Amino acid sequence: MKRKMDFVFGMLFAAATIVFIVLFLTNNTFFNWAFERHHNILSWYIRPLFIIPIVIFAFKKSFTGIFASIFALFTSMFWFPAPSASNPQVLEFLAFEMDYLKGPWTAPKIVMSLAVPLFFFMLLMAAWKRNWKLLLGVIIGAAVLKFIWSIAFSGEAGMSILKPALLGLILCVGVLSYFLRKIKRS
């Protein structure tokens with residue numbers, strides 16, 4: 001794809017992601033519908049895996065690939081049907097997340113929420129510049145901070161993200177290490 005078209009399609013996916021986030025946070029019907037499906041923990045397991053294509057597309061400097069992958073990451077929370085039954089810890093953690101997202105947006109909450117775009121910026125810059133040590137640090141650091149945040153703010157219910165976060169981290173590091181070795185051999 002030509003660079004100009006790649007950029008245009010990438011910006012369309014970036015805009016679609018912003019529209020999705022605004023709709024998600026402002027439309028209660030859509031918010032509740034999406035969160036019912038987010039109770040299906042399959043979405044918890046696949047979400048971290050989108051880091052892999054984001055990094056690979058940043059490495060290849062493809063705006064379309066990067067922003068299509070970010071769009072897929074955000075929307076994957078509702079790809080699976082709502083489960084018929086959920087683990088009580090999962091329900092408690094998601095209740096916390098829902099309250100957090102729908103609660104008042106105070107200055108500390110805004111600062112904490114800026115960690116998400118900061119993570120994407122650091123991830124993309126590390127991959128774009130092919131700084132593998134920084135990239136690994138960003139991925140590992142984000143997983144650790146997400147886990148700490150989950151437990152610090154939701155207590156024992158935060159433990160429900162441990163398995164998906166660890167598996168996602170292991171797979172991301174493993175696949176990206178393989179990708180790096182393959183690139184170095186070329």
# chains A, B, ... in the order shown; residues from 1 in each chain; ligands from 1
call {"tool": "residues_around", "arguments": {"residues": "stretch 167-181 of chain A", "least_positions_apart": "2", "cutoff": "10 Å", "atoms": "only C-alpha atoms", "output": "number ranges by chain"}}
result
A: 44-53, 55-56, 130, 132, 135-136, 139-140, 142-144, 162-165, 183-186
call {"tool": "select_by_dssp", "arguments": {"residues": "stretch 30-152 of chain A", "states": "alpha helix (DSSP H)", "output": "PyMOL selection string"}}
result
chain A and resi 30-38+42-46+51-59+63-75+88-102+107-113+115-128+132-152
call {"tool": "closest_atom_pairs", "arguments": {"of": "stretch 11-98 of chain A", "to": "stretch 105-124 of chain A", "cutoff": "12 Å", "atoms": "only C-alpha atoms", "output": "Markdown table"}}
result
| residue | atom | partner | partner_atom | distance |
| --- | --- | --- | --- | --- |
| A:Ile18 | CA | A:Pro117 | CA | 11.5 |
| A:Leu25 | CA | A:Trp105 | CA | 11.4 |
| A:Phe50 | CA | A:Phe120 | CA | 11.7 |
| A:Ile51 | CA | A:Leu123 | CA | 8.6 |
| A:Ile52 | CA | A:Leu123 | CA | 10.6 |
| A:Pro53 | CA | A:Leu124 | CA | 11.1 |
| A:Ile54 | CA | A:Leu124 | CA | 7.6 |
| A:Val55 | CA | A:Leu124 | CA | 6.6 |
| A:Ile56 | CA | A:Leu124 | CA | 9.6 |
| A:Phe57 | CA | A:Leu124 | CA | 9.1 |
| A:Ala58 | CA | A:Leu124 | CA | 5.9 |
| A:Phe59 | CA | A:Leu124 | CA | 8.4 |
| A:Lys60 | CA | A:Leu124 | CA | 11.0 |
| A:Lys61 | CA | A:Leu124 | CA | 9.5 |
| A:Ser62 | CA | A:Leu124 | CA | 10.9 |
| A:Phe63 | CA | A:Leu124 | CA | 10.5 |
| A:Gly65 | CA | A:Leu124 | CA | 11.8 |
| A:Ile66 | CA | A:Leu124 | CA | 8.5 |
| A:Phe67 | CA | A:Phe120 | CA | 10.6 |
| A:Ser69 | CA | A:Phe120 | CA | 11.6 |
| A:Ile70 | CA | A:Phe120 | CA | 8.9 |
| A:Leu73 | CA | A:Phe120 | CA | 11.7 |
| A:Phe74 | CA | A:Val116 | CA | 11.5 |
call {"tool": "decode", "arguments": {"residues": "stretch 153-165 of chain A", "atoms": "all heavy atoms", "output": "PDB file, in the first residue's frame"}}
result
ATOM      1  N   PHE A 153      -6.883  -1.148  43.483  1.00  0.00           N
ATOM      2  CA  PHE A 153      -8.161  -0.448  43.463  1.00  0.00           C
ATOM      3  C   PHE A 153      -9.382  -1.350  43.589  1.00  0.00           C
ATOM      4  O   PHE A 153     -10.452  -0.873  43.948  1.00  0.00           O
ATOM      5  CB  PHE A 153      -8.274   0.428  42.208  1.00  0.00           C
ATOM      6  CG  PHE A 153      -7.369   1.610  42.256  1.00  0.00           C
ATOM      7  CD1 PHE A 153      -6.121   1.568  41.653  1.00  0.00           C
ATOM      8  CD2 PHE A 153      -7.733   2.764  42.932  1.00  0.00           C
ATOM      9  CE1 PHE A 153      -5.268   2.660  41.705  1.00  0.00           C
ATOM     10  CE2 PHE A 153      -6.888   3.857  42.990  1.00  0.00           C
ATOM     11  CZ  PHE A 153      -5.649   3.801  42.385  1.00  0.00           C
ATOM     12  N   SER A 154      -9.237  -2.647  43.292  1.00  0.00           N
ATOM     13  CA  SER A 154     -10.416  -3.520  43.400  1.00  0.00           C
ATOM     14  C   SER A 154     -10.202  -4.658  44.385  1.00  0.00           C
ATOM     15  O   SER A 154     -11.061  -5.527  44.504  1.00  0.00           O
ATOM     16  CB  SER A 154     -10.794  -4.079  42.024  1.00  0.00           C
ATOM     17  OG  SER A 154      -9.846  -5.024  41.586  1.00  0.00           O
ATOM     18  N   GLY A 155      -9.061  -4.673  45.049  1.00  0.00           N
ATOM     19  CA  GLY A 155      -8.809  -5.697  46.058  1.00  0.00           C
ATOM     20  C   GLY A 155      -8.649  -7.083  45.474  1.00  0.00           C
ATOM     21  O   GLY A 155      -8.111  -7.255  44.382  1.00  0.00           O
ATOM     22  N   GLU A 156      -9.146  -8.053  46.201  1.00  0.00           N
ATOM     23  CA  GLU A 156      -9.016  -9.464  45.815  1.00  0.00           C
ATOM     24  C   GLU A 156      -9.580  -9.740  44.421  1.00  0.00           C
ATOM     25  O   GLU A 156      -9.089 -10.608  43.708  1.00  0.00           O
ATOM     26  CB  GLU A 156      -9.721 -10.337  46.858  1.00  0.00           C
ATOM     27  CG  GLU A 156      -9.525 -11.814  46.694  1.00  0.00           C
ATOM     28  CD  GLU A 156      -8.106 -12.295  46.995  1.00  0.00           C
ATOM     29  OE1 GLU A 156      -7.391 -11.640  47.769  1.00  0.00           O
ATOM     30  OE2 GLU A 156      -7.723 -13.340  46.441  1.00  0.00           O
ATOM     31  N   ALA A 157     -10.598  -9.001  44.009  1.00  0.00           N
ATOM     32  CA  ALA A 157     -11.201  -9.205  42.685  1.00  0.00           C
ATOM     33  C   ALA A 157     -10.184  -8.951  41.573  1.00  0.00           C
ATOM     34  O   ALA A 157     -10.276  -9.539  40.487  1.00  0.00           O
ATOM     35  CB  ALA A 157     -12.410  -8.297  42.510  1.00  0.00           C
ATOM     36  N   GLY A 158      -9.194  -8.113  41.835  1.00  0.00           N
ATOM     37  CA  GLY A 158      -8.156  -7.831  40.853  1.00  0.00           C
ATOM     38  C   GLY A 158      -7.325  -9.050  40.496  1.00  0.00           C
ATOM     39  O   GLY A 158      -6.692  -9.090  39.437  1.00  0.00           O
ATOM     40  N   MET A 159      -7.334 -10.045  41.361  1.00  0.00           N
ATOM     41  CA  MET A 159      -6.602 -11.291  41.078  1.00  0.00           C
ATOM     42  C   MET A 159      -7.178 -12.016  39.858  1.00  0.00           C
ATOM     43  O   MET A 159      -6.497 -12.827  39.247  1.00  0.00           O
ATOM     44  CB  MET A 159      -6.634 -12.224  42.288  1.00  0.00           C
ATOM     45  CG  MET A 159      -5.866 -11.715  43.486  1.00  0.00           C
ATOM     46  SD  MET A 159      -4.096 -11.593  43.179  1.00  0.00           S
ATOM     47  CE  MET A 159      -3.665 -13.317  43.067  1.00  0.00           C
ATOM     48  N   SER A 160      -8.423 -11.695  39.494  1.00  0.00           N
ATOM     49  CA  SER A 160      -9.065 -12.387  38.377  1.00  0.00           C
ATOM     50  C   SER A 160      -8.373 -12.106  37.051  1.00  0.00           C
ATOM     51  O   SER A 160      -8.535 -12.869  36.104  1.00  0.00           O
ATOM     52  CB  SER A 160     -10.546 -12.006  38.290  1.00  0.00           C
ATOM     53  OG  SER A 160     -10.700 -10.624  38.053  1.00  0.00           O
ATOM     54  N   ILE A 161      -7.584 -11.048  36.967  1.00  0.00           N
ATOM     55  CA  ILE A 161      -6.895 -10.758  35.714  1.00  0.00           C
ATOM     56  C   ILE A 161      -5.507 -11.388  35.648  1.00  0.00           C
ATOM     57  O   ILE A 161      -4.852 -11.302  34.618  1.00  0.00           O
ATOM     58  CB  ILE A 161      -6.778  -9.242  35.451  1.00  0.00           C
ATOM     59  CG1 ILE A 161      -5.785  -8.598  36.408  1.00  0.00           C
ATOM     60  CG2 ILE A 161      -8.110  -8.558  35.468  1.00  0.00           C
ATOM     61  CD1 ILE A 161      -5.137  -7.377  35.844  1.00  0.00           C
ATOM     62  N   LEU A 162      -5.069 -12.026  36.726  1.00  0.00           N
ATOM     63  CA  LEU A 162      -3.706 -12.556  36.765  1.00  0.00           C
ATOM     64  C   LEU A 162      -3.434 -13.544  35.636  1.00  0.00           C
ATOM     65  O   LEU A 162      -2.463 -13.380  34.891  1.00  0.00           O
ATOM     66  CB  LEU A 162      -3.419 -13.206  38.126  1.00  0.00           C
ATOM     67  CG  LEU A 162      -2.020 -13.808  38.271  1.00  0.00           C
ATOM     68  CD1 LEU A 162      -0.950 -12.746  38.103  1.00  0.00           C
ATOM     69  CD2 LEU A 162      -1.869 -14.501  39.614  1.00  0.00           C
ATOM     70  N   LYS A 163      -4.251 -14.581  35.491  1.00  0.00           N
ATOM     71  CA  LYS A 163      -3.991 -15.591  34.450  1.00  0.00           C
ATOM     72  C   LYS A 163      -4.018 -14.997  33.044  1.00  0.00           C
ATOM     73  O   LYS A 163      -3.073 -15.223  32.278  1.00  0.00           O
ATOM     74  CB  LYS A 163      -4.964 -16.764  34.577  1.00  0.00           C
ATOM     75  CG  LYS A 163      -4.573 -17.729  35.681  1.00  0.00           C
ATOM     76  CD  LYS A 163      -5.289 -19.059  35.577  1.00  0.00           C
ATOM     77  CE  LYS A 163      -6.712 -18.942  36.027  1.00  0.00           C
ATOM     78  NZ  LYS A 163      -7.424 -20.222  36.106  1.00  0.00           N
ATOM     79  N   PRO A 164      -5.058 -14.237  32.667  1.00  0.00           N
ATOM     80  CA  PRO A 164      -5.035 -13.663  31.316  1.00  0.00           C
ATOM     81  C   PRO A 164      -3.849 -12.726  31.088  1.00  0.00           C
ATOM     82  O   PRO A 164      -3.244 -12.736  30.018  1.00  0.00           O
ATOM     83  CB  PRO A 164      -6.354 -12.895  31.220  1.00  0.00           C
ATOM     84  CG  PRO A 164      -7.222 -13.457  32.272  1.00  0.00           C
ATOM     85  CD  PRO A 164      -6.319 -13.968  33.349  1.00  0.00           C
ATOM     86  N   ALA A 165      -3.497 -11.929  32.107  1.00  0.00           N
ATOM     87  CA  ALA A 165      -2.389 -10.990  31.955  1.00  0.00           C
ATOM     88  C   ALA A 165      -1.053 -11.717  31.818  1.00  0.00           C
ATOM     89  O   ALA A 165      -0.238 -11.375  30.959  1.00  0.00           O
ATOM     90  CB  ALA A 165      -2.344 -10.025  33.138  1.00  0.00           C
TER      91      ALA A 165
END
